[in-house]
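K.L.:
Structure file final-v6.pdb (PDB, C-alpha atoms) right here:
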MODEL        1
ATOM      1  CA  MET A1244      19.538  12.109 -28.993
ATOM      2  CA  LYS A1245      21.154   8.750 -28.246
ATOM      3  CA  LYS A1246      23.161   8.618 -25.027
ATOM      4  CA  TYR A1247      26.812   7.649 -25.354
ATOM      5  CA  ASN A1248      27.789   4.670 -23.237
ATOM      6  CA  GLN A1249      31.511   4.704 -22.535
ATOM      7  CA  TYR A1250      31.272   1.349 -20.751
ATOM      8  CA  THR A1251      30.362  -0.783 -23.755
ATOM      9  CA  LEU A1252      31.878  -4.196 -24.234
ATOM     10  CA  GLU A1253      33.549  -2.892 -27.386
ATOM     11  CA  ASN A1254      35.322  -0.171 -25.380
ATOM     12  CA  HIS A1255      36.218  -2.632 -22.630
ATOM     13  CA  PHE A1256      37.947  -4.958 -25.085
ATOM     14  CA  LYS A1257      39.752  -2.066 -26.798
ATOM     15  CA  ILE A1258      41.115  -0.946 -23.424
ATOM     16  CA  LEU A1259      41.999  -4.523 -22.482
ATOM     17  CA  GLU A1260      43.984  -4.890 -25.702
ATOM     18  CA  ILE A1261      45.924  -1.700 -24.959
ATOM     19  CA  GLN A1262      46.554  -2.615 -21.320
ATOM     20  CA  THR A1263      47.714  -6.164 -22.004
ATOM     21  CA  GLY A1264      49.436  -5.535 -25.322
ATOM     22  CA  ARG A1265      47.706  -8.667 -26.645
ATOM     23  CA  LYS A1266      45.069  -9.036 -29.297
ATOM     24  CA  ASN A1267      41.637 -10.090 -28.126
ATOM     25  CA  PRO A1268      40.536 -13.608 -29.095
ATOM     26  CA  CYS A1269      38.869 -13.587 -32.498
ATOM     27  CA  ASP A1270      35.909 -15.678 -31.326
ATOM     28  CA  ILE A1271      35.110 -13.038 -28.688
ATOM     29  CA  MET A1272      35.379 -10.229 -31.214
ATOM     30  CA  GLU A1273      33.095 -12.143 -33.604
ATOM     31  CA  PHE A1274      30.583 -12.674 -30.783
ATOM     32  CA  LEU A1275      30.542  -8.940 -30.064
ATOM     33  CA  GLU A1276      29.414  -8.337 -33.660
ATOM     34  CA  GLU A1277      26.422 -10.646 -33.263
ATOM     35  CA  GLU A1278      22.998  -9.282 -32.445
ATOM     36  CA  TYR A1279      20.057 -10.204 -30.296
ATOM     37  CA  TYR A1280      16.506  -8.901 -30.481
ATOM     38  CA  SER A1281      15.636  -6.435 -27.735
ATOM     39  CA  LYS A1282      11.949  -6.699 -26.891
ATOM     40  CA  SER A1283      11.995  -3.387 -25.030
ATOM     41  CA  LYS A1284      13.663  -1.486 -27.894
ATOM     42  CA  GLU A1285      11.898  -3.564 -30.574
ATOM     43  CA  THR A1286      15.103  -3.725 -32.580
ATOM     44  CA  TYR A1287      18.311  -5.722 -32.885
ATOM     45  CA  VAL A1288      21.241  -4.724 -30.675
ATOM     46  CA  LYS A1289      24.856  -5.748 -31.131
ATOM     47  CA  TYR A1290      26.506  -7.248 -28.082
ATOM     48  CA  LYS A1291      29.430  -4.842 -28.510
ATOM     49  CA  ASP A1292      27.088  -1.923 -27.832
ATOM     50  CA  MET A1293      25.999  -3.283 -24.446
ATOM     51  CA  ASP A1294      27.573  -2.739 -21.077
ATOM     52  CA  ILE A1295      28.397  -5.762 -18.941
ATOM     53  CA  THR A1296      25.255  -5.411 -16.789
ATOM     54  CA  HIS A1297      23.041  -5.540 -19.848
ATOM     55  CA  LEU A1298      24.894  -8.565 -21.247
ATOM     56  CA  ILE A1299      24.511 -10.440 -17.953
ATOM     57  CA  ARG A1300      20.761  -9.731 -17.936
ATOM     58  CA  VAL A1301      20.438 -10.952 -21.520
ATOM     59  CA  MET A1302      22.322 -14.146 -20.673
ATOM     60  CA  LEU A1303      20.266 -14.735 -17.513
ATOM     61  CA  ASN A1304      17.049 -14.337 -19.485
ATOM     62  CA  ALA A1305      18.334 -16.720 -22.154
ATOM     63  CA  SER A1306      19.198 -19.233 -19.430
ATOM     64  CA  GLU A1307      15.672 -18.979 -18.006
ATOM     65  CA  ASP A1308      14.228 -19.462 -21.502
ATOM     66  CA  VAL A1309      16.313 -22.622 -21.978
ATOM     67  CA  GLU A1310      15.087 -23.998 -18.643
ATOM     68  CA  GLU A1311      11.448 -23.274 -19.558
ATOM     69  CA  ILE A1312      11.914 -25.015 -22.908
ATOM     70  CA  ARG A1313      13.502 -28.026 -21.190
ATOM     71  CA  GLU A1314      10.598 -28.281 -18.757
ATOM     72  CA  GLU A1315       8.058 -28.004 -21.583
ATOM     73  CA  ASN A1316       9.897 -30.722 -23.539
ATOM     74  CA  GLU A1317       9.721 -33.026 -20.517
ATOM     75  CA  ARG A1318       6.017 -32.307 -20.109
ATOM     76  CA  LEU A1319       5.354 -33.032 -23.790
ATOM     77  CA  ARG A1320       7.377 -36.267 -23.661
ATOM     78  CA  LEU A1321       5.197 -37.448 -20.790
ATOM     79  CA  VAL A1322       2.040 -36.540 -22.735
ATOM     80  CA  ILE A1323       3.318 -38.446 -25.785
ATOM     81  CA  LYS A1324       4.237 -41.454 -23.627
ATOM     82  CA  ASN A1325       0.768 -41.475 -22.046
ATOM     83  CA  LEU A1326      -0.937 -41.135 -25.429
ATOM     84  CA  THR A1327       1.215 -43.912 -26.888
ATOM     85  CA  ASN A1328       0.277 -46.190 -23.975
ATOM     86  CA  LEU A1329      -3.398 -45.311 -24.391
ATOM     87  CA  ILE A1330      -3.279 -46.062 -28.131
ATOM     88  CA  GLY A1331      -1.592 -49.389 -27.379
ATOM     89  CA  GLU A1332      -4.271 -50.255 -24.857
ATOM     90  CA  LEU A1333      -7.024 -49.309 -27.313
ATOM     91  CA  ASN A1334      -5.410 -51.421 -30.040
ATOM     92  CA  ASN A1335      -5.219 -54.394 -27.649
ATOM     93  CA  ALA A1336      -8.851 -53.931 -26.643
ATOM     94  CA  VAL A1337      -9.977 -53.829 -30.287
ATOM     95  CA  LYS A1338      -8.040 -57.035 -31.108
ATOM     96  CA  HIS A1339      -9.700 -58.977 -28.292
TER      97      HIS A1339
ENDMDL
END
As structure tokens, what does this structure read like?
P.N.:
Amino acid sequence: MKKYNQYTLENHFKILEIQTGRKNPCDIMEFLEEEYYSKSKETYVKYKDMDITHLIRVMLNASEDVEEIREENERLRLVIKNLTNLIGELNNAVKH
């Protein structure tokens, strides 16, 4: 049996709308309908079904992933630069 989470983002924004008397921004509501792949559950989960703690963890992990990708890109750029220099040196050596 699936546990009911009363603290979902969907419920939070429903309550916020009632308390403020204002509609929630449409871009936020569209975001809540989007999904991400949960490795632990091995399925897609909508952001609206998460609580705030879970969303923060997902965003922190995504931020770490972006940083790792940036570092790997820098490493690969350096490898390409070194290989390009080596090829240039080899071409110069062959010409002489």
K.L.:
Just give me the gap between CA of Lys1266 in chain A and CA of Thr1296 in chain A in Å, one decimal is fine.
P.N.:
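Distance between the two atoms: 23.7 Å.
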K.L.:
Residue by residue, what does the PyMOL selection byres ((chain A and resi 1245-1260) around 9) grab here? Present the result as a PyMOL selection string.
P.N.:
chain A and resi 1244+1261-1267+1272+1275+1290-1295+1298
K.L.:
In Å, with one decimal, what is the gap from CA of Thr1286 in chain A to CA of Met1302 in chain A?
P.N.:
17.4 Å
K.L.:
Measure the distance from CA of Ser1306 in chain A to CA of Lys1282 in chain A in Å and round it to one decimal.
P.N.:
16.3 Å
K.L.:
Could you name the residues that touch Glu1278 in chain A at 6 Å or less, counting all atoms listed in the file, but leaving out those on the same chain fewer than 6 positions away, as a list in words?
P.N.:
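So the residues in contact are Tyr1287, Val1288, Lys1289 and Tyr1290 of chain A.
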K.L.:
Calculated over all atoms listed in the file, which of the candidates A:Leu1321, A:Leu1326, A:Cys1269, A:Val1301 has the smallest distance to Ser1281 in chain A?
P.N.:
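For Ser1281 in chain A, the nearest of the candidates is A:Val1301.
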K.L.:
I need the residue nearest Asn1304 in chain A from this list: A:Asn1325, A:Asp1270, A:Asn1335, A:Tyr1279. Use all atoms listed in the file for the distance.
P.N.:
A:Tyr1279
